[in-house]
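work-v4.cif follows (mmCIF, C-alpha atoms):
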data_run
#
loop_
_atom_site.label_atom_id
_atom_site.label_comp_id
_atom_site.auth_asym_id
_atom_site.auth_seq_id
_atom_site.Cartn_x
_atom_site.Cartn_y
_atom_site.Cartn_z
CA MET J 1423 -5.78 26.55 -119.36
CA LEU J 1424 -5.41 26.11 -115.63
CA ALA J 1425 -4.09 29.64 -115.40
CA ALA J 1426 -7.52 30.85 -116.36
CA ALA J 1427 -9.22 28.71 -113.73
CA LEU J 1428 -11.27 30.33 -111.02
CA ALA J 1429 -10.27 29.44 -107.44
CA PHE J 1430 -12.35 29.89 -104.31
CA VAL J 1431 -11.12 28.96 -100.82
CA LEU J 1432 -13.66 29.27 -98.05
CA ALA J 1433 -12.97 27.55 -94.71
CA ALA J 1434 -12.20 23.88 -95.55
CA VAL J 1435 -13.45 23.91 -99.16
CA SER J 1436 -11.38 24.69 -102.25
CA VAL J 1437 -12.88 24.68 -105.76
CA ALA J 1438 -10.92 25.22 -108.99
CA ALA J 1439 -13.08 25.08 -112.14
CA ASP J 1440 -11.94 25.71 -115.70
CA GLY J 1441 -14.76 26.03 -118.17
CA ALA J 1442 -18.48 26.60 -117.90
CA CYS J 1443 -19.58 23.13 -116.75
CA LEU J 1444 -19.45 23.90 -113.01
CA ASP J 1445 -20.06 27.18 -111.22
CA SER J 1446 -17.22 27.53 -108.71
CA GLY J 1447 -18.96 29.97 -106.38
CA THR J 1448 -22.21 28.04 -106.17
CA LEU J 1449 -20.40 24.70 -105.70
CA THR J 1450 -18.18 26.11 -102.98
CA MET J 1451 -21.17 27.39 -101.00
CA THR J 1452 -23.00 24.09 -101.49
CA LEU J 1453 -20.11 21.95 -100.22
CA GLU J 1454 -19.41 24.40 -97.39
CA THR J 1455 -23.03 24.07 -96.24
CA THR J 1456 -22.81 20.27 -96.43
CA LEU J 1457 -19.72 20.30 -94.20
CA ALA J 1458 -21.26 22.73 -91.73
CA VAL J 1459 -24.46 20.68 -91.37
CA ALA J 1460 -22.60 17.41 -91.00
CA SER J 1461 -20.18 18.70 -88.39
CA GLY J 1462 -22.47 21.06 -86.52
CA ASP J 1463 -20.56 24.14 -87.72
CA ARG J 1464 -17.40 22.88 -86.01
CA LEU J 1465 -14.99 22.56 -88.98
CA SER J 1466 -11.55 21.69 -87.80
CA ALA J 1467 -9.19 19.52 -89.84
CA LEU J 1468 -10.97 18.26 -92.95
CA ASP J 1469 -10.01 19.89 -96.27
CA VAL J 1470 -12.20 19.34 -99.35
CA GLN J 1471 -10.87 20.12 -102.83
CA VAL J 1472 -12.62 20.06 -106.23
CA ILE J 1473 -10.74 20.44 -109.55
CA ALA J 1474 -12.66 20.58 -112.85
CA ALA J 1475 -11.12 21.01 -116.31
CA PRO J 1476 -12.23 20.20 -119.90
CA SER J 1477 -10.91 16.91 -121.30
CA THR J 1478 -11.21 15.08 -124.64
CA ALA J 1479 -14.45 14.47 -126.55
CA GLY J 1480 -16.15 17.48 -124.99
CA LEU J 1481 -16.15 15.97 -121.44
CA THR J 1482 -15.22 17.74 -118.21
CA ALA J 1483 -12.90 15.82 -115.84
CA VAL J 1484 -13.77 16.40 -112.20
CA SER J 1485 -11.88 15.21 -109.10
CA LEU J 1486 -13.18 15.38 -105.51
CA THR J 1487 -10.75 14.80 -102.62
CA ALA J 1488 -10.92 15.20 -98.86
CA SER J 1489 -7.88 15.06 -96.63
CA THR J 1490 -6.87 15.32 -92.99
CA ALA J 1491 -3.48 15.69 -91.33
CA ASP J 1492 -3.07 11.93 -91.79
CA GLY J 1493 -3.50 12.10 -95.56
CA ILE J 1494 -6.22 11.71 -98.21
CA VAL J 1495 -9.37 10.02 -96.91
CA LEU J 1496 -11.62 10.48 -99.96
CA ALA J 1497 -10.73 10.49 -103.68
CA ARG J 1498 -13.31 10.36 -106.49
CA GLN J 1499 -13.02 11.11 -110.25
CA PHE J 1500 -15.86 11.81 -112.68
CA SER J 1501 -16.28 12.64 -116.38
CA LEU J 1502 -19.22 14.94 -117.02
CA ALA J 1503 -20.85 15.32 -120.42
CA GLN J 1504 -22.34 18.69 -121.34
CA SER J 1505 -25.81 17.35 -120.51
CA ASP J 1506 -24.60 16.33 -117.01
CA CYS J 1507 -23.23 19.73 -116.02
CA THR J 1508 -26.47 20.99 -114.44
CA GLN J 1509 -26.51 18.01 -112.04
CA GLY J 1510 -22.73 18.00 -111.45
CA GLY J 1511 -22.93 20.06 -108.28
CA ASP J 1512 -25.66 17.81 -106.86
CA LEU J 1513 -23.51 14.75 -107.60
CA LEU J 1514 -20.49 16.12 -105.75
CA GLU J 1515 -22.65 17.19 -102.80
CA ALA J 1516 -24.24 13.71 -102.57
CA VAL J 1517 -20.83 11.97 -102.66
CA LEU J 1518 -19.45 14.25 -99.94
CA ALA J 1519 -22.57 13.90 -97.75
CA ARG J 1520 -22.50 10.08 -97.98
CA PHE J 1521 -18.83 10.07 -97.07
CA LEU J 1522 -19.43 12.31 -94.04
CA ASP J 1523 -22.16 10.00 -92.74
CA GLY J 1524 -19.57 7.29 -92.10
CA PHE J 1525 -16.52 9.44 -91.38
CA PRO J 1526 -15.11 9.39 -87.78
CA ARG J 1527 -15.92 13.02 -87.03
CA GLU J 1528 -14.31 12.90 -83.59
CA ARG J 1529 -10.94 13.02 -85.39
CA TRP J 1530 -11.65 16.33 -87.12
CA THR J 1531 -14.37 17.96 -85.02
CA ASN J 1532 -13.13 20.37 -82.38
CA PRO J 1533 -14.39 18.95 -79.04
CA ALA J 1534 -13.79 22.24 -77.26
CA LEU J 1535 -16.62 23.81 -79.25
CA GLY J 1536 -19.02 20.92 -78.72
CA PRO J 1537 -21.88 20.96 -76.25
CA ALA J 1538 -20.75 20.58 -72.67
CA GLU J 1539 -21.52 17.18 -71.19
CA PRO J 1540 -23.77 17.34 -68.15
CA PRO J 1541 -21.99 16.34 -64.92
CA ARG J 1542 -22.44 12.68 -64.18
CA LYS J 1543 -24.35 11.94 -61.05
CA LYS J 1544 -22.73 9.51 -58.70
CA PRO J 1545 -24.89 6.41 -58.32
CA ARG J 1546 -26.82 6.46 -55.08
CA LYS J 1547 -25.75 3.73 -52.73
CA LYS J 1548 -28.56 1.30 -52.13
CA TRP J 1549 -29.20 -0.64 -48.96
CA GLY J 1550 -31.54 -3.53 -48.39
CA ILE J 1551 -33.56 -4.64 -45.41
CA THR J 1552 -33.91 -8.40 -45.30
CA PRO J 1553 -36.53 -10.08 -43.10
CA ARG J 1554 -35.91 -13.81 -42.73
CA GLY J 1555 -37.86 -16.61 -41.15
CA GLY J 1556 -36.25 -19.96 -40.52
CA ALA J 1557 -36.05 -23.29 -38.76
CA ASP J 1558 -33.20 -23.92 -36.36
CA LEU J 1559 -31.71 -27.40 -36.30
CA GLY J 1560 -29.30 -29.18 -33.98
CA LEU J 1561 -27.06 -31.20 -36.28
CA LEU J 1562 -24.09 -32.16 -34.08
CA PRO J 1563 -24.50 -35.72 -32.74
CA SER J 1564 -23.12 -36.86 -29.40
CA GLN J 1565 -23.74 -39.70 -26.99
CA ALA J 1566 -26.29 -37.64 -25.14
CA ASP J 1567 -28.05 -36.10 -28.14
CA PRO J 1568 -29.47 -37.60 -31.35
CA LEU J 1569 -28.44 -36.43 -34.81
CA ILE J 1570 -31.33 -33.97 -34.87
CA ALA J 1571 -30.89 -32.77 -31.33
CA ASP J 1572 -33.69 -30.21 -31.41
CA THR J 1573 -35.62 -27.86 -33.67
CA SER J 1574 -37.22 -24.46 -33.23
CA GLY J 1575 -38.20 -21.43 -35.25
CA ASP J 1576 -36.75 -17.94 -35.54
CA PHE J 1577 -37.13 -14.57 -37.18
CA GLU J 1578 -34.31 -12.21 -38.07
CA ILE J 1579 -33.90 -8.89 -39.79
CA ALA J 1580 -30.67 -7.71 -41.46
CA ILE J 1581 -29.45 -4.59 -43.24
CA ALA J 1582 -26.73 -4.74 -45.92
CA PRO J 1583 -25.60 -2.70 -48.97
CA GLU J 1584 -27.12 -3.66 -52.34
CA ARG J 1585 -24.03 -4.19 -54.50
CA SER J 1586 -21.70 -6.82 -55.87
CA GLY J 1587 -18.31 -7.39 -54.28
CA ALA J 1588 -17.27 -7.26 -50.65
CA SER J 1589 -20.36 -7.17 -48.45
CA ILE J 1590 -21.12 -6.44 -44.82
CA GLU J 1591 -24.33 -6.77 -42.85
CA ALA J 1592 -25.71 -6.43 -39.35
CA LEU J 1593 -28.60 -8.51 -38.08
CA LEU J 1594 -30.78 -9.35 -35.12
CA ARG J 1595 -32.15 -12.89 -34.83
CA GLN J 1596 -34.85 -13.81 -32.34
CA GLY J 1597 -35.83 -17.42 -31.76
CA THR J 1598 -39.16 -18.75 -30.62
CA TRP J 1599 -39.82 -19.66 -26.99
CA SER J 1600 -38.95 -23.29 -26.16
CA ASN J 1601 -39.53 -25.39 -23.06
CA VAL J 1602 -36.85 -26.76 -20.78
CA GLY J 1603 -38.23 -28.57 -17.73
CA GLU J 1604 -40.78 -26.26 -16.14
CA GLY J 1605 -39.17 -23.19 -17.64
CA ARG J 1606 -38.96 -21.50 -21.03
CA TYR J 1607 -36.04 -19.92 -22.86
CA GLN J 1608 -35.54 -17.80 -25.95
CA PRO J 1609 -32.28 -17.36 -27.93
CA VAL J 1610 -31.51 -13.86 -29.19
CA THR J 1611 -28.51 -13.31 -31.46
CA PHE J 1612 -26.75 -10.07 -32.43
CA LEU J 1613 -24.38 -10.55 -35.40
CA ALA J 1614 -22.24 -8.67 -37.90
CA GLY J 1615 -21.22 -10.39 -41.12
CA ALA J 1616 -18.59 -9.99 -43.82
CA GLY J 1617 -18.48 -11.85 -47.10
CA TRP J 1618 -18.96 -11.53 -50.84
CA ALA J 1619 -22.08 -10.67 -52.82
CA TRP J 1620 -23.10 -11.24 -56.44
CA THR J 1621 -25.95 -8.85 -57.25
CA ARG J 1622 -27.73 -8.80 -60.61
CA GLU J 1623 -31.06 -7.40 -61.79
CA GLU J 1624 -32.88 -10.71 -61.43
CA ARG J 1625 -30.83 -12.54 -58.78
CA SER J 1626 -28.50 -12.02 -55.85
CA SER J 1627 -26.41 -14.36 -53.73
CA HIS J 1628 -24.08 -14.08 -50.75
CA VAL J 1629 -21.53 -16.15 -48.84
CA GLY J 1630 -19.62 -15.16 -45.74
CA VAL J 1631 -19.02 -15.36 -42.01
CA ARG J 1632 -20.95 -13.77 -39.16
CA SER J 1633 -19.86 -13.27 -35.58
CA GLY J 1634 -21.38 -11.73 -32.48
CA VAL J 1635 -23.12 -12.85 -29.32
CA LEU J 1636 -25.92 -15.25 -28.45
CA ALA J 1637 -28.08 -14.45 -25.45
CA ILE J 1638 -30.18 -17.12 -23.68
CA ARG J 1639 -33.03 -15.37 -21.85
CA GLY J 1640 -35.69 -16.91 -19.64
CA ASP J 1641 -39.42 -16.38 -19.23
CA ARG J 1642 -40.06 -14.57 -15.95
CA ASN J 1643 -43.43 -16.34 -15.61
CA SER J 1644 -41.96 -19.84 -15.48
CA GLU J 1645 -39.16 -21.74 -13.73
CA LYS J 1646 -35.98 -19.68 -13.66
CA ILE J 1647 -33.50 -20.31 -16.49
CA SER J 1648 -29.72 -19.85 -16.30
CA GLU J 1649 -29.32 -16.85 -18.59
CA LYS J 1650 -26.16 -16.74 -20.68
CA LEU J 1651 -24.31 -14.42 -23.04
CA LEU J 1652 -22.04 -16.41 -25.35
CA PRO J 1653 -19.73 -15.60 -28.29
CA TRP J 1654 -21.07 -16.76 -31.65
CA VAL J 1655 -19.60 -17.58 -35.09
CA GLU J 1656 -21.33 -19.05 -38.15
CA VAL J 1657 -20.87 -19.35 -41.91
CA TYR J 1658 -23.76 -18.55 -44.23
CA ALA J 1659 -24.86 -18.73 -47.85
CA ASP J 1660 -28.02 -17.58 -49.60
CA ILE J 1661 -29.54 -16.94 -53.00
CA ALA J 1662 -32.65 -14.96 -53.95
CA TRP J 1663 -34.61 -14.24 -57.13
CA LYS J 1664 -36.59 -11.14 -58.03
CA ALA J 1665 -40.31 -11.35 -57.34
CA GLY J 1666 -41.90 -7.97 -58.05
CA PRO J 1667 -40.34 -5.28 -55.81
CA VAL J 1668 -38.54 -7.83 -53.58
CA ARG J 1669 -36.20 -10.82 -53.85
CA ILE J 1670 -37.02 -14.16 -52.25
CA GLY J 1671 -34.88 -17.26 -51.75
CA PRO J 1672 -33.39 -19.79 -49.32
CA GLN J 1673 -30.60 -19.28 -46.83
CA VAL J 1674 -28.48 -21.60 -44.67
CA ALA J 1675 -26.25 -20.79 -41.70
CA LEU J 1676 -24.04 -23.35 -39.94
CA SER J 1677 -22.16 -23.20 -36.66
CA LEU J 1678 -19.97 -25.70 -34.75
CA ILE J 1679 -20.78 -24.12 -31.40
CA ARG J 1680 -22.91 -26.21 -29.00
CA VAL J 1681 -25.17 -24.38 -26.59
CA SER J 1682 -27.48 -25.71 -23.87
CA ALA J 1683 -30.33 -24.05 -22.01
CA GLU J 1684 -30.65 -25.14 -18.37
CA THR J 1685 -32.94 -24.49 -15.49
CA ALA J 1686 -31.36 -22.62 -12.60
CA SER J 1687 -31.60 -25.73 -10.44
CA GLY J 1688 -29.69 -27.75 -13.01
CA ALA J 1689 -32.35 -30.42 -13.07
CA ASP J 1690 -33.24 -29.97 -16.72
CA ARG J 1691 -31.16 -29.20 -19.75
CA ARG J 1692 -31.93 -28.83 -23.44
CA VAL J 1693 -29.63 -28.44 -26.46
CA VAL J 1694 -30.27 -25.19 -28.31
CA PRO J 1695 -30.41 -25.75 -32.10
CA THR J 1696 -27.57 -23.79 -33.66
CA ASN J 1697 -27.86 -24.37 -37.42
CA ARG J 1698 -30.39 -22.62 -39.57
CA ILE J 1699 -32.38 -23.18 -42.75
CA GLY J 1700 -34.46 -20.15 -43.63
CA LEU J 1701 -36.36 -18.15 -46.22
CA ARG J 1702 -35.19 -14.58 -46.85
CA VAL J 1703 -37.18 -11.69 -48.31
CA GLU J 1704 -34.90 -8.88 -49.49
CA ILE J 1705 -36.42 -5.40 -49.71
CA PRO J 1706 -34.18 -2.84 -51.52
CA LEU J 1707 -34.33 0.75 -50.26
#
Using the file provided, produce a representation of the structure as structure tokens.
Amino acid sequence: MLAAALAFVLAAVSVAADGACLDSGTLTMTLETTLAVASGDRLSALDVQVIAAPSTAGLTAVSLTASTADGIVLARQFSLAQSDCTQGGDLLEAVLARFLDGFPRERWTNPALGPAEPPRKKPRKKWGITPRGGADLGLLPSQADPLIADTSGDFEIAIAPERSGASIEALLRQGTWSNVGEGRYQPVTFLAGAGWAWTREERSSHVGVRSGVLAIRGDRNSEKISEKLLPWVEVYADIAWKAGPVRIGPQVALSLIRVSAETASGADRRVVPTNRIGLRVEIPL
């Protein structure tokens, strides 16, 4: 009986039908189309086979299998009555299509024939400008100075990369003018910092160490001040939250260095506040 079966092999589909219940040619084309649509016309290593032959009680036994190099991945058996033969092809097509919807196509689809992936653009490095305003505090007690030796204000601006991980920054800090005797002085600090940053969409934070120089400059319109240029080191920490296009949050910077501003005559002296509590506004570029 099987010797009289019709066999069609087109691409990855093989149909062998004995009897009049299923049309081999039509079924082959139908299943071939289903495979082509599901895989984007990139058939590679999936073989589909249908075998149909008459069985007892006037029924037709039908088997549908699909296999890869790893073995059989789909196996279904059906018994079709004479009244079911007209819908038999639709049944096999539906079973195959449902199977293909969940089948890992990357294992049998030829990637070389797939659409070329567009080249990935390297993420643009972002930098941030950070204006900061703060209060400077003297927090190192001594016999000559109280616990809060002095206070003043300052403004600084820094530039640093916008990313998590190792972080660097450069900044300029300019203090307000303060009186010492009949003169006035202003601290100006140039610093470079290195530390670690945690940057997220809604929040960023930093810790690290800065070093550089502190300049004490005098007001030319008042009593002469002993101008100085001193080495500077401080540790810092800050955190900021997103507020529209910027991030805003507090910052602290602490130093153990003690600095004094003096008049040129030496008659008056004032401790320069060296610790800082500030508010930072981070503006990503």
If the PyMOL selection byres ((chain J and resi 1514-1520) around 8) is run on the structure shown, which residues does it catch, given as a VMD selection string? chain J and resid 1452 to 1453 1456 to 1457 1460 1486 1510 to 1513 1521 to 1524
Could you name the residues that touch Asp1660 in chain J at 8 Å or less, counting all atoms listed in the file, but leaving out those on the same chain fewer than 2 positions away, as a PyMOL selection string? chain J and resi 1627-1629+1658+1662+1671-1674
For the selection you just gave me, I'd like the residues written to a file as a compact mmCIF listing (two decimals), in the frame of the given file, keeping C-alpha atoms.
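Everything below was put into selection-v8.txt:
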# COMPACT_ATOMS: atom_id res chain seq x y z
CA SER J 1627 -26.41 -14.36 -53.73
CA HIS J 1628 -24.08 -14.08 -50.75
CA VAL J 1629 -21.53 -16.15 -48.84
CA TYR J 1658 -23.76 -18.55 -44.23
CA ALA J 1662 -32.65 -14.96 -53.95
CA GLY J 1671 -34.88 -17.26 -51.75
CA PRO J 1672 -33.39 -19.79 -49.32
CA GLN J 1673 -30.60 -19.28 -46.83
CA VAL J 1674 -28.48 -21.60 -44.67
Length of the CA of Gly1441 in chain J to CA of Val1495 in chain J vector [Å]: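 Interatomic distance here is 27.2 Å.
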Could you produce a table of the residues of range 1582-1609 of chain J lying within 10 Å of range 1693-1702 of chain J, with the nearest pair of atoms per residue and their separation in Å rounded to one decimal, using only C-alpha atoms, ordered by chain and increasing residue number, as a Markdown table?
| residue | atom | partner | partner_atom | distance |
| --- | --- | --- | --- | --- |
| J:Gly1597 | CA | J:Pro1695 | CA | 9.9 |
| J:Ser1600 | CA | J:Val1694 | CA | 9.1 |
| J:Val1602 | CA | J:Val1693 | CA | 9.3 |
| J:Tyr1607 | CA | J:Val1694 | CA | 9.5 |
| J:Gln1608 | CA | J:Val1694 | CA | 9.4 |
| J:Pro1609 | CA | J:Val1694 | CA | 8.1 |
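The list of residues with at least one atom within 8 Å of Thr1482 in chain J, based on all atoms listed in the file and without residues fewer than 5 positions apart in the same chain, reads Cys1443, Ala1474, Ala1475, Pro1476, Ser1477, Ser1501, Leu1502, Ala1503 and Gln1504 of chain J.
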Please write the residues picked by the PyMOL selection byres ((chain J and resi 1652) around 6) on this file as a list in words.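 That expression, the PyMOL selection byres ((chain J and resi 1652) around 6), corresponds here to Val1635, Leu1636, Leu1651 and Pro1653 of chain J.
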From J:Glu1684, J:Asp1445, J:Thr1598, J:Gly1634, residue lying nearest Lys1646 in chain J [all atoms listed in the file]: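 That would be J:Glu1684, the residue with the smallest distance to Lys1646 in chain J.
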Correct to one decimal, the distance CA of Leu1678 in chain J-CA of Asp1558 in chain J is 13.4 Å
Applied to this file, what does the PyMOL selection byres ((chain J and resi 1631) around 6) return in terms of residues, put as a ChimeraX atom specification? /J:1615-1616,1630,1632,1656-1657
